[in-house]
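Below is one structure, written out as structure tokens, with a few remarks after it.
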Amino acid sequence: MKKYILSLALIATTISFAQSLESKIPNTTKIVMTVDGGKLFDLVSLQEFENYEAIQYLVKQVKQQREQVNSIADFGLDVNAKAYYFYQPTDSVMYHTGLMKLTNRKAFEGLFDENETSKMVKNGNVSTFVDDDVTLMWNDNMVLFSNGMDSYSYFDANRERFESQANEDEDFYDIKKRGSSTWNANYAKKIFNYNGASILSNHSYLKSIDSKASATLWIGNYGGMMNDMMKSSFYYTLGSGYNVNGNRLGFGTMIAQLYFEEDKVRMTSKMEVNGKWQKAFKKIYASKIDRSFFKYFNEDDVLSYVSLAMSTEALLDEYPALMSEMYGGMLPEYNEETSVAADLFSLILDEEAVGELVTGDMLFILNDIVEKDIAYTTYEYDDDYNETEVKKTKKEVSPDFTIIIGSEKNEKLLFRLIRLGVKHEAFETKKNYYKLNLPSKTPFDLFAVIKDEKIFLTTSEKRLTDIVSNRIVSKGGAHKKRIRKNSSVFYMDIDNLISKIPESDLSKSEKEFADYAKDNLKDAYFTGKMKGNTMYSEFIIETEKNRKNSLKVLLDFLEFVD
Amino acid sequence: MIKKGIYTLLLGLLLLLTGCFEVIEEVTLNNDGSGDVTLTLNLSRSKTKINSIMLLDSVNNYRVPSEAEVKKHFAEIVKTVKNTSGISNVSNTIDMEEFIFTLSCSFNNVDALNTVISNFSSKKEAQRIKNHKHFAFDKATQTFTRSYHYDVAKEIKNTNMEDRKVFETASIRSIYRFSKPIVSSENKMAKISGSKKAIMLKVTAQDIIKNRNSIKNKIKLQN
């Protein structure tokens with residue numbers, strides 16, 4: 001029982017410590033990024049981490065200046081706690097702030113040189129160090145870092161007022177620097193002593209917290225943030241009519257997270273989409289790829305693929321309105337023009353007919369990378385160095401791929417198009433399929449057929465005749481589910497793909513790099529889908545189980561690249 | 001994004017192939033110091049890569065020229081050579097299938113070749129070429145000298161790693177023919193022909209970058 005109470009108490013203190021940093025982040029903050037040191041050093045111990053050359057180099061560099069530093073632990077920072085970065089813009093200054101826990105204040109203070117130490121101001125238990133637009137504040141438990149960047153447009157708009165406040169010998173640049181430095185120092189102080197409503201009272205932020213994530217990025221309002229960034233930029237002041245309203249882009253909260261699991265690295269992102277955009281995206285991404293596509297999918301014949309399932313009809317329907325919404329918002333002077341352009345677009349295109357011609361289901365498969373003999377010209381010389389032109393061959397790799405595009409009902413139109421193509425010698429008719437007359441310099445051939453409400457294009461004549469005569473192997477495996485569940489998938493069989501590249505084409509370092517990737521990385525895939533009002537995406541790299549987890553594989557890889 | 005993915009994948013594969021090219025400089029020198037020269041740039045081994053690059057707008061931040069632009073640029077070079085005094089019989093070939101370019105001409109004396117090079121150089125460089133001849137023939141001692149004043153290794157080191165890859169498998173070959181037999185050659189890598197009247201030297205770009213060798217040579221003929 002005692003043990004449970006003890007561990008409970010331990011957990012409670014950990015949480016309260018973690019909260020003590022988060023409670024300093026105001027609830028009006030636009031972006032919060034969290035790095036969970038405890039999580040990372042659980043996966044790779046601090047000792048292992050310090051064995052990496054890059055880290056040893058870093059420690060050595062510091063040691064040259066500060067003799068007492070022998071390891072990262074000597075920085076005095078609590079690397080096992082969560083560290084936070086957050087961003088809060090005002091109309092005049094954009095504040096970038098970092099918060100970390102301290103384990104050893106004295107060690108931390110030892111990192112400053114004599115000159116810097118003389119600039120430190122200690123007030124009660126709190127020390128402050130200001131250097132231009134950077135302010136550091138710390139006590140026994142935590143350190144705050146703040147960097148204030150001035151907004152170009154704000155200072156430019158108020159230039160006269162600021163110039164009237166100039167000290168002797170100060171130009172506009174100096175005034176800006178003084179202004180942002182003072183404001184930043186004040187901001188740091190406010191945050192260090194902050195006691196108001198914190199980000200922990202923000203429901204959306206709380207929802208983003210995931211104890212399994214090694215790092216989390218939370219952006220309260222993605223559209224709004226884009227707005228702020230554009231507004232404070234130099235360009236904003238140039239174009240007076242440039243009235244950006246990022247909110248019209250319809251993006252809400254964005255959350256991205258990074259996970260290091262035993263056998264994979266996983267990055268996820270969620271983006272809320274609001275208003276008109278949500279309805280449009282829902283319509284565009286409502287469909288799933290037609291099951292009949294899997295008849296032509298054989299997982300044993302795939303190095304990489306891209307799948308796409310969307311409604312062309314809905315896209316064409318929604319596109320003009322969305323564009324007019326976006327650009328009309330950005331360029332209000334041209335509101336009328338963008339709106340007319342949108343209507344014209346709809347008028348010219350018959351969305352339904354195009355949607356039938358190209359449904360929006362698409363599968364691109366890289367089946368193989370094949371070696372081909374390529375002839376080239378060079379010279380040979382006789383005993384008297386007289387030159388003769390000779391043809392030699394060398395091996396080169398060429399992609400072997402298949403593209404399948406969904407097309408309904410409009411086969412008649414397609415066949416008319418093909419007849420026209422044959423007439424103009426863009427195609428050549430084979431028995432019951434076509435060969436495309438590509439420019440002579442294209443390093444592959446392309447064969448096509450229309451069958452089963454699909455357009456097939458492939459580099460392999462054999463594969464095409466197999467498709468025509470139904471001699472196909474259908475084997476979807478795990479891919480089938482993944483493709484059906486997402487509106488887009490980008491998959492790569494990394495080790496197989498790399499082993500297809502001829503070694504002679506790689507330099508020594510590239511070969512080492514390729515070998516490491518081949519031995520340690522397996523499959524990678526990116527998936528994207530829309531569900532409810534949220535766009536989800538996930539990027540996964542599967543790693544071999546030859547190390548204790550994927551973080552270790554990744555760090556070893558980085559060490560290797562160095 | 002998906003479209004971009006396919007594009008990147010396909011082109012990435014093609015661009016992975018390392019390129020290589022050869023430059024051949026052939027000079028036939030007569031007794032009176034006049035002669036003929038042919039310069040060949042052969043990119044045939046890299047034609048697949050060049051064909052794919054030519055489908056792009058830019059590569060490594062360089063704008064990719066169109067076939068017409070390449071031809072136009074080459075025509076300008078030919079024009080400049082034609083307008084050089086002491087140069088005659090200028091002819092050229094362009095093979096855009098194999099990517100082989102040749103330029104040949106006759107010269108009254110080798111100094112005309114220095115003028116040609118100067119015409120493609122800045123004023124400052126031209127002045128340096130005057131003091132440091134790229135081609136020289138001393139009739140009295142019957143010595144033919146091939147040299148240059150650039151620090152090629154340094155120039156190449158100033159390019160970024162991505163650009164430098166282009167030179168990884170490149171080579172330069174020089175073939176000089178004389179009407180008299182060759183007595184000696186300073187560049188130890190140069191090979192004198194059976195008839196003793198021709199000399200060939202092949203240097204890889206790697207040799208030049210690493211300062212192991214260059215196309216510089218001093219060739220002494222029988223007096």
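In the structure tokens, each chain is lettered A, B, ... as it comes, each chain's residues begin at 1, and ligands are numbered from 1 in order of appearance.
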
What's the 6 Å shell around segment 185-193 of chain B, counting only C-alpha atoms, without same-chain residues fewer than 4 positions away, as number ranges by chain? A: 383-384; B: 198-201, 217-219

Write down as a ChimeraX atom specification the residues belonging to segment 165-220 of chain B that are assigned strand (DSSP E or B) by DSSP computed on the backbone. /B:171-178,182-185,191-192,198-204,217-220

Restricting it to N, CA and C atoms, dump the selection as a PDB file, in the first residue's frame.
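And here's out-v8.pdb as it stands now:
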```pdb
ATOM      1  N   SER B 171      36.141  13.447 -68.077  1.00  0.00           N
ATOM      2  CA  SER B 171      37.554  13.317 -68.432  1.00  0.00           C
ATOM      3  C   SER B 171      37.911  14.278 -69.564  1.00  0.00           C
ATOM      4  N   ILE B 172      39.187  14.632 -69.641  1.00  0.00           N
ATOM      5  CA  ILE B 172      39.682  15.486 -70.723  1.00  0.00           C
ATOM      6  C   ILE B 172      40.801  14.728 -71.419  1.00  0.00           C
ATOM      7  N   ARG B 173      40.750  14.706 -72.755  1.00  0.00           N
ATOM      8  CA  ARG B 173      41.780  14.012 -73.510  1.00  0.00           C
ATOM      9  C   ARG B 173      42.400  15.014 -74.477  1.00  0.00           C
ATOM     10  N   SER B 174      43.734  15.047 -74.549  1.00  0.00           N
ATOM     11  CA  SER B 174      44.370  15.913 -75.536  1.00  0.00           C
ATOM     12  C   SER B 174      45.193  15.055 -76.483  1.00  0.00           C
ATOM     13  N   ILE B 175      45.087  15.365 -77.774  1.00  0.00           N
ATOM     14  CA  ILE B 175      45.878  14.649 -78.789  1.00  0.00           C
ATOM     15  C   ILE B 175      46.578  15.714 -79.636  1.00  0.00           C
ATOM     16  N   TYR B 176      47.882  15.690 -79.641  1.00  0.00           N
ATOM     17  CA  TYR B 176      48.630  16.656 -80.439  1.00  0.00           C
ATOM     18  C   TYR B 176      49.444  15.897 -81.473  1.00  0.00           C
ATOM     19  N   ARG B 177      49.384  16.400 -82.706  1.00  0.00           N
ATOM     20  CA  ARG B 177      50.138  15.767 -83.801  1.00  0.00           C
ATOM     21  C   ARG B 177      51.138  16.764 -84.373  1.00  0.00           C
ATOM     22  N   PHE B 178      52.311  16.262 -84.697  1.00  0.00           N
ATOM     23  CA  PHE B 178      53.365  17.122 -85.238  1.00  0.00           C
ATOM     24  C   PHE B 178      53.927  16.499 -86.512  1.00  0.00           C
ATOM     25  N   ILE B 182      58.639  13.481 -81.762  1.00  0.00           N
ATOM     26  CA  ILE B 182      58.715  14.059 -80.411  1.00  0.00           C
ATOM     27  C   ILE B 182      59.952  13.506 -79.714  1.00  0.00           C
ATOM     28  N   VAL B 183      60.687  14.404 -79.077  1.00  0.00           N
ATOM     29  CA  VAL B 183      61.887  13.976 -78.356  1.00  0.00           C
ATOM     30  C   VAL B 183      61.555  13.713 -76.889  1.00  0.00           C
ATOM     31  N   SER B 184      60.808  14.659 -76.292  1.00  0.00           N
ATOM     32  CA  SER B 184      60.475  14.476 -74.881  1.00  0.00           C
ATOM     33  C   SER B 184      59.177  15.190 -74.535  1.00  0.00           C
ATOM     34  N   SER B 185      58.576  14.762 -73.417  1.00  0.00           N
ATOM     35  CA  SER B 185      57.349  15.404 -72.935  1.00  0.00           C
ATOM     36  C   SER B 185      57.439  15.489 -71.416  1.00  0.00           C
ATOM     37  N   LYS B 191      51.270   9.902 -73.432  1.00  0.00           N
ATOM     38  CA  LYS B 191      51.847   8.746 -74.131  1.00  0.00           C
ATOM     39  C   LYS B 191      52.181   9.112 -75.571  1.00  0.00           C
ATOM     40  N   ILE B 192      53.434   8.855 -75.961  1.00  0.00           N
ATOM     41  CA  ILE B 192      53.881   9.165 -77.329  1.00  0.00           C
ATOM     42  C   ILE B 192      53.527   7.970 -78.227  1.00  0.00           C
ATOM     43  N   ALA B 198      52.806  11.731 -82.603  1.00  0.00           N
ATOM     44  CA  ALA B 198      51.567  12.115 -81.912  1.00  0.00           C
ATOM     45  C   ALA B 198      51.709  11.809 -80.432  1.00  0.00           C
ATOM     46  N   ILE B 199      50.992  12.590 -79.640  1.00  0.00           N
ATOM     47  CA  ILE B 199      51.052  12.371 -78.188  1.00  0.00           C
ATOM     48  C   ILE B 199      49.634  12.510 -77.630  1.00  0.00           C
ATOM     49  N   MET B 200      49.282  11.607 -76.750  1.00  0.00           N
ATOM     50  CA  MET B 200      47.931  11.626 -76.176  1.00  0.00           C
ATOM     51  C   MET B 200      48.021  11.651 -74.654  1.00  0.00           C
ATOM     52  N   LEU B 201      47.091  12.411 -74.056  1.00  0.00           N
ATOM     53  CA  LEU B 201      47.063  12.530 -72.592  1.00  0.00           C
ATOM     54  C   LEU B 201      45.620  12.519 -72.145  1.00  0.00           C
ATOM     55  N   LYS B 202      45.288  11.588 -71.252  1.00  0.00           N
ATOM     56  CA  LYS B 202      43.917  11.557 -70.717  1.00  0.00           C
ATOM     57  C   LYS B 202      43.970  11.859 -69.229  1.00  0.00           C
ATOM     58  N   VAL B 203      43.223  12.846 -68.833  1.00  0.00           N
ATOM     59  CA  VAL B 203      43.205  13.250 -67.427  1.00  0.00           C
ATOM     60  C   VAL B 203      41.753  13.222 -66.962  1.00  0.00           C
ATOM     61  N   THR B 204      41.498  12.635 -65.802  1.00  0.00           N
ATOM     62  CA  THR B 204      40.127  12.661 -65.292  1.00  0.00           C
ATOM     63  C   THR B 204      39.932  13.938 -64.490  1.00  0.00           C
ATOM     64  N   ASN B 217      51.455  20.577 -70.442  1.00  0.00           N
ATOM     65  CA  ASN B 217      52.565  19.760 -70.955  1.00  0.00           C
ATOM     66  C   ASN B 217      53.536  20.640 -71.747  1.00  0.00           C
ATOM     67  N   LYS B 218      54.761  20.178 -71.797  1.00  0.00           N
ATOM     68  CA  LYS B 218      55.776  20.863 -72.616  1.00  0.00           C
ATOM     69  C   LYS B 218      56.395  19.778 -73.477  1.00  0.00           C
ATOM     70  N   ILE B 219      56.208  19.910 -74.800  1.00  0.00           N
ATOM     71  CA  ILE B 219      56.640  18.844 -75.720  1.00  0.00           C
ATOM     72  C   ILE B 219      57.768  19.353 -76.607  1.00  0.00           C
ATOM     73  N   LYS B 220      58.883  18.629 -76.583  1.00  0.00           N
ATOM     74  CA  LYS B 220      60.043  19.053 -77.385  1.00  0.00           C
ATOM     75  C   LYS B 220      60.123  18.183 -78.631  1.00  0.00           C
TER      76      LYS B 220
END
```

Atom CA of Tyr259 of chain A and atom CA of Lys212 of chain A, how far apart in Å?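 Taking atom CA of Lys212 of chain A and atom CA of Tyr259 of chain A, their separation equals 6.9 Å.
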
Which residues of chain A come within 10 Å of chain B, and what is each one's closest atom pair and distance in Å (one decimal), counting only C-alpha atoms, sorted by chain and residue number, as a tab-separated table?
```
residue	atom	partner	partner_atom	distance
A:Ser304	CA	B:Leu9	CA	9.2
A:Tyr305	CA	B:Ile6	CA	8.6
A:Val306	CA	B:Ile2	CA	7.0
A:Ser307	CA	B:Ile2	CA	8.2
A:Leu308	CA	B:Ile2	CA	7.7
A:Phe364	CA	B:Ile6	CA	7.7
A:Ile365	CA	B:Ile6	CA	9.4
A:Leu366	CA	B:Leu10	CA	9.0
A:Ile369	CA	B:Leu13	CA	8.9
A:Ile374	CA	B:Thr48	CA	8.4
A:Ala375	CA	B:Arg45	CA	8.1
A:Tyr376	CA	B:Ser44	CA	5.4
A:Thr377	CA	B:Ser44	CA	5.7
A:Thr378	CA	B:Ser44	CA	7.4
A:Tyr379	CA	B:Asn42	CA	9.7
A:Tyr381	CA	B:Met200	CA	9.8
A:Asp382	CA	B:Ser193	CA	9.1
A:Asp383	CA	B:Ser193	CA	6.0
A:Asp384	CA	B:Ser193	CA	5.2
A:Tyr385	CA	B:Ala198	CA	6.9
A:Asn386	CA	B:Ile175	CA	9.1
A:Glu387	CA	B:Ile175	CA	9.8
A:Lys391	CA	B:Ser44	CA	10.0
A:Lys392	CA	B:Arg45	CA	9.2
A:Thr393	CA	B:Arg45	CA	8.9
A:Lys394	CA	B:Arg45	CA	8.1
A:Glu396	CA	B:Leu17	CA	7.6
A:Val397	CA	B:Leu14	CA	7.8
A:Ser398	CA	B:Leu14	CA	7.4
A:Pro399	CA	B:Leu10	CA	7.1
A:Asp400	CA	B:Leu10	CA	9.9
A:Phe401	CA	B:Leu10	CA	9.5
A:Ser440	CA	B:Glu97	CA	9.3
A:Lys441	CA	B:Asn51	CA	6.4
A:Thr442	CA	B:Asn51	CA	7.6
A:Pro443	CA	B:Thr48	CA	6.8
A:Ser488	CA	B:Ile2	CA	7.9
A:Val489	CA	B:Ile2	CA	8.6
A:Phe490	CA	B:Ile2	CA	7.8
A:Ile501	CA	B:Leu13	CA	8.7
A:Pro502	CA	B:Leu17	CA	9.2
A:Ser504	CA	B:Thr18	CA	9.1
A:Asp505	CA	B:Leu17	CA	5.7
A:Leu506	CA	B:Thr18	CA	7.5
A:Ser507	CA	B:Thr18	CA	8.7
```

Can I get the selected residues back with C-alpha atoms, as a short mmCIF file (atom, residue, chain, number, x, y, z; two decimals), in the first residue's frame?
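What landed in out-v8.cif:
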```cif
data_model
loop_
_atom_site.label_atom_id
_atom_site.label_comp_id
_atom_site.auth_asym_id
_atom_site.auth_seq_id
_atom_site.Cartn_x
_atom_site.Cartn_y
_atom_site.Cartn_z
CA SER A 304 5.79 1.84 -54.49
CA TYR A 305 2.32 3.15 -55.19
CA VAL A 306 0.13 6.18 -54.95
CA SER A 307 -3.62 5.78 -54.62
CA LEU A 308 -6.17 8.49 -54.88
CA PHE A 364 -0.11 4.63 -59.78
CA ILE A 365 2.05 1.56 -59.20
CA LEU A 366 5.81 1.42 -59.53
CA ILE A 369 13.03 -0.81 -61.70
CA ILE A 374 21.63 2.00 -73.47
CA ALA A 375 23.87 2.63 -76.50
CA TYR A 376 26.19 5.60 -76.43
CA THR A 377 28.89 7.03 -78.65
CA THR A 378 32.55 7.24 -77.71
CA TYR A 379 35.91 6.96 -79.44
CA TYR A 381 42.24 5.28 -80.95
CA ASP A 382 44.80 3.36 -82.99
CA ASP A 383 48.57 3.30 -82.38
CA ASP A 384 48.91 6.67 -83.97
CA TYR A 385 45.98 8.10 -82.03
CA ASN A 386 43.68 8.31 -85.01
CA GLU A 387 40.13 8.44 -83.79
CA LYS A 391 29.02 2.57 -80.19
CA LYS A 392 29.15 1.01 -76.75
CA THR A 393 26.41 0.05 -74.34
CA LYS A 394 25.94 0.71 -70.67
CA GLU A 396 20.82 2.08 -67.01
CA VAL A 397 17.78 1.68 -64.82
CA SER A 398 14.34 2.56 -66.04
CA PRO A 399 11.05 2.61 -64.12
CA ASP A 400 8.46 -0.05 -64.85
CA PHE A 401 5.09 1.30 -63.80
CA SER A 440 12.06 9.15 -79.04
CA LYS A 441 14.03 10.35 -76.04
CA THR A 442 11.61 8.95 -73.44
CA PRO A 443 13.47 6.19 -71.63
CA SER A 488 -4.86 8.98 -50.59
CA VAL A 489 -1.95 6.66 -49.86
CA PHE A 490 1.69 6.99 -50.83
CA ILE A 501 19.39 0.81 -57.76
CA PRO A 502 22.59 -0.50 -59.39
CA SER A 504 27.62 1.31 -59.97
CA ASP A 505 25.37 4.35 -60.05
CA LEU A 506 26.08 5.26 -56.45
CA SER A 507 29.06 7.02 -55.00
#
```

Report as JSON, numbers by chain all protein, DNA and RNA residues lying within 8 Å of segment 136-144 of chain B, evaluated on only C-alpha atoms, omitting residues in the same chain fewer than 2 positions from it. {"B": [32, 33, 110, 111, 133, 134, 146, 218, 219, 220, 221, 222, 223]}

Could you save the residues just selected, with N, CA and C atoms, as a CSV table (one decimal), in the first residue's frame?
```csv
chain,number,residue,atom,x,y,z
B,32,ASP,N,55.5,25.3,-89.7
B,32,ASP,CA,55.6,26.8,-89.7
B,32,ASP,C,54.8,27.4,-88.5
B,33,GLY,N,54.2,26.5,-87.6
B,33,GLY,CA,53.5,27.0,-86.5
B,33,GLY,C,52.0,27.2,-86.7
B,110,VAL,N,49.8,29.5,-83.2
B,110,VAL,CA,49.1,29.1,-82.0
B,110,VAL,C,48.6,30.3,-81.2
B,111,ASP,N,49.3,31.4,-81.4
B,111,ASP,CA,48.8,32.6,-80.5
B,111,ASP,C,47.4,33.0,-80.9
B,133,LYS,N,50.5,32.3,-71.6
B,133,LYS,CA,49.9,31.8,-72.8
B,133,LYS,C,49.4,30.3,-72.5
B,134,HIS,N,48.2,30.1,-73.1
B,134,HIS,CA,47.7,28.7,-73.0
B,134,HIS,C,48.3,27.8,-74.0
B,146,ARG,N,51.5,23.5,-73.7
B,146,ARG,CA,50.1,23.6,-73.4
B,146,ARG,C,50.0,24.0,-71.9
B,218,LYS,N,54.8,20.2,-71.8
B,218,LYS,CA,55.8,20.9,-72.6
B,218,LYS,C,56.4,19.8,-73.5
B,219,ILE,N,56.2,19.9,-74.8
B,219,ILE,CA,56.6,18.8,-75.7
B,219,ILE,C,57.8,19.4,-76.6
B,220,LYS,N,58.9,18.6,-76.6
B,220,LYS,CA,60.0,19.1,-77.4
B,220,LYS,C,60.1,18.2,-78.6
B,221,LEU,N,60.3,18.9,-79.8
B,221,LEU,CA,60.4,18.1,-81.1
B,221,LEU,C,61.8,18.1,-81.5
B,222,GLN,N,62.1,17.2,-82.5
B,222,GLN,CA,63.4,17.1,-83.0
B,222,GLN,C,63.8,18.4,-83.8
B,223,ASN,N,64.9,18.9,-83.6
B,223,ASN,CA,65.3,20.1,-84.2
B,223,ASN,C,65.8,19.9,-85.7
```

All residues 7 Å or closer to Asn147 of chain A, only C-alpha atoms, same chain fewer than 2 positions away omitted, as an NGL selection string: :A and (95-97 or 133-135 or 145 or 149 or 184)

Give me the residues within 12 Å of segment 47-59 of chain A as JSON, numbers by chain, counting only C-alpha atoms and dropping any in the same chain fewer than 4 places off. {"A": [37, 40, 41, 42, 43, 63, 64, 65, 66, 67, 68, 69, 70, 71, 72, 73, 74, 75, 79, 111, 551, 552, 554, 555, 556, 557, 558, 559, 560, 561, 562]}

Name all residues at most 12 Å from segment 69-72 of chain B (count only C-alpha atoms; drop same-chain ones fewer than 5 positions away) and give them as a list of chain:residue names.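 Surrounding residues, per the criterion: B:Met54, B:Arg63, B:Val64, B:Ile77, B:Val78, B:Lys79, B:Asn92, B:Thr93, B:Ile94, B:Asp95, B:Met96, B:Phe99, B:Ile100, B:Phe101.
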
For atom CA of Met530 of chain A and atom CA of Glu542 of chain A, determine how far apart the two atoms are, in Å to one decimal place.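 Between atom CA of Met530 of chain A and atom CA of Glu542 of chain A the gap is 23.7 Å.
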
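For Thr38 of chain B, the list of residues within 9 Å, based on only C-alpha atoms and with local chain neighbours fewer than 4 positions off taken out, reads Ile24, Glu25, Glu26, Val27, Thr28, Thr102, Leu103, Ser104, Cys105 and Ser106 of chain B.
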
Generate a file of the selected residues that holds N, CA and C atoms, formatted as a PDB file, in the first residue's frame.
```pdb
ATOM      1  N   ILE B  24      37.546  16.447 -75.706  1.00  0.00           N
ATOM      2  CA  ILE B  24      38.725  16.036 -76.476  1.00  0.00           C
ATOM      3  C   ILE B  24      39.282  17.235 -77.235  1.00  0.00           C
ATOM      4  N   GLU B  25      40.555  17.475 -77.018  1.00  0.00           N
ATOM      5  CA  GLU B  25      41.214  18.594 -77.693  1.00  0.00           C
ATOM      6  C   GLU B  25      42.263  18.015 -78.641  1.00  0.00           C
ATOM      7  N   GLU B  26      42.091  18.237 -79.941  1.00  0.00           N
ATOM      8  CA  GLU B  26      43.038  17.696 -80.922  1.00  0.00           C
ATOM      9  C   GLU B  26      43.699  18.843 -81.664  1.00  0.00           C
ATOM     10  N   VAL B  27      45.021  18.855 -81.671  1.00  0.00           N
ATOM     11  CA  VAL B  27      45.747  19.907 -82.383  1.00  0.00           C
ATOM     12  C   VAL B  27      46.724  19.242 -83.353  1.00  0.00           C
ATOM     13  N   THR B  28      46.703  19.682 -84.618  1.00  0.00           N
ATOM     14  CA  THR B  28      47.715  19.243 -85.577  1.00  0.00           C
ATOM     15  C   THR B  28      48.564  20.463 -85.907  1.00  0.00           C
ATOM     16  N   THR B 102      30.998  19.543 -81.693  1.00  0.00           N
ATOM     17  CA  THR B 102      32.397  19.724 -82.098  1.00  0.00           C
ATOM     18  C   THR B 102      32.569  21.104 -82.716  1.00  0.00           C
ATOM     19  N   LEU B 103      33.772  21.608 -82.596  1.00  0.00           N
ATOM     20  CA  LEU B 103      34.124  22.902 -83.154  1.00  0.00           C
ATOM     21  C   LEU B 103      35.544  22.767 -83.677  1.00  0.00           C
ATOM     22  N   SER B 104      35.760  23.040 -84.972  1.00  0.00           N
ATOM     23  CA  SER B 104      37.133  22.945 -85.468  1.00  0.00           C
ATOM     24  C   SER B 104      37.473  24.141 -86.338  1.00  0.00           C
ATOM     25  N   CYS B 105      38.763  24.429 -86.424  1.00  0.00           N
ATOM     26  CA  CYS B 105      39.209  25.563 -87.219  1.00  0.00           C
ATOM     27  C   CYS B 105      40.696  25.419 -87.534  1.00  0.00           C
ATOM     28  N   SER B 106      41.166  26.256 -88.456  1.00  0.00           N
ATOM     29  CA  SER B 106      42.602  26.310 -88.741  1.00  0.00           C
ATOM     30  C   SER B 106      43.145  27.589 -88.114  1.00  0.00           C
TER      31      SER B 106
END
```

As a ChimeraX atom specification, which residues of segment 67-290 of chain A does DSSP assign to alpha helix (DSSP H)? /A:105-109,114-119,152-157,159-164,172-192,203-208,222-232,234-238,275-284
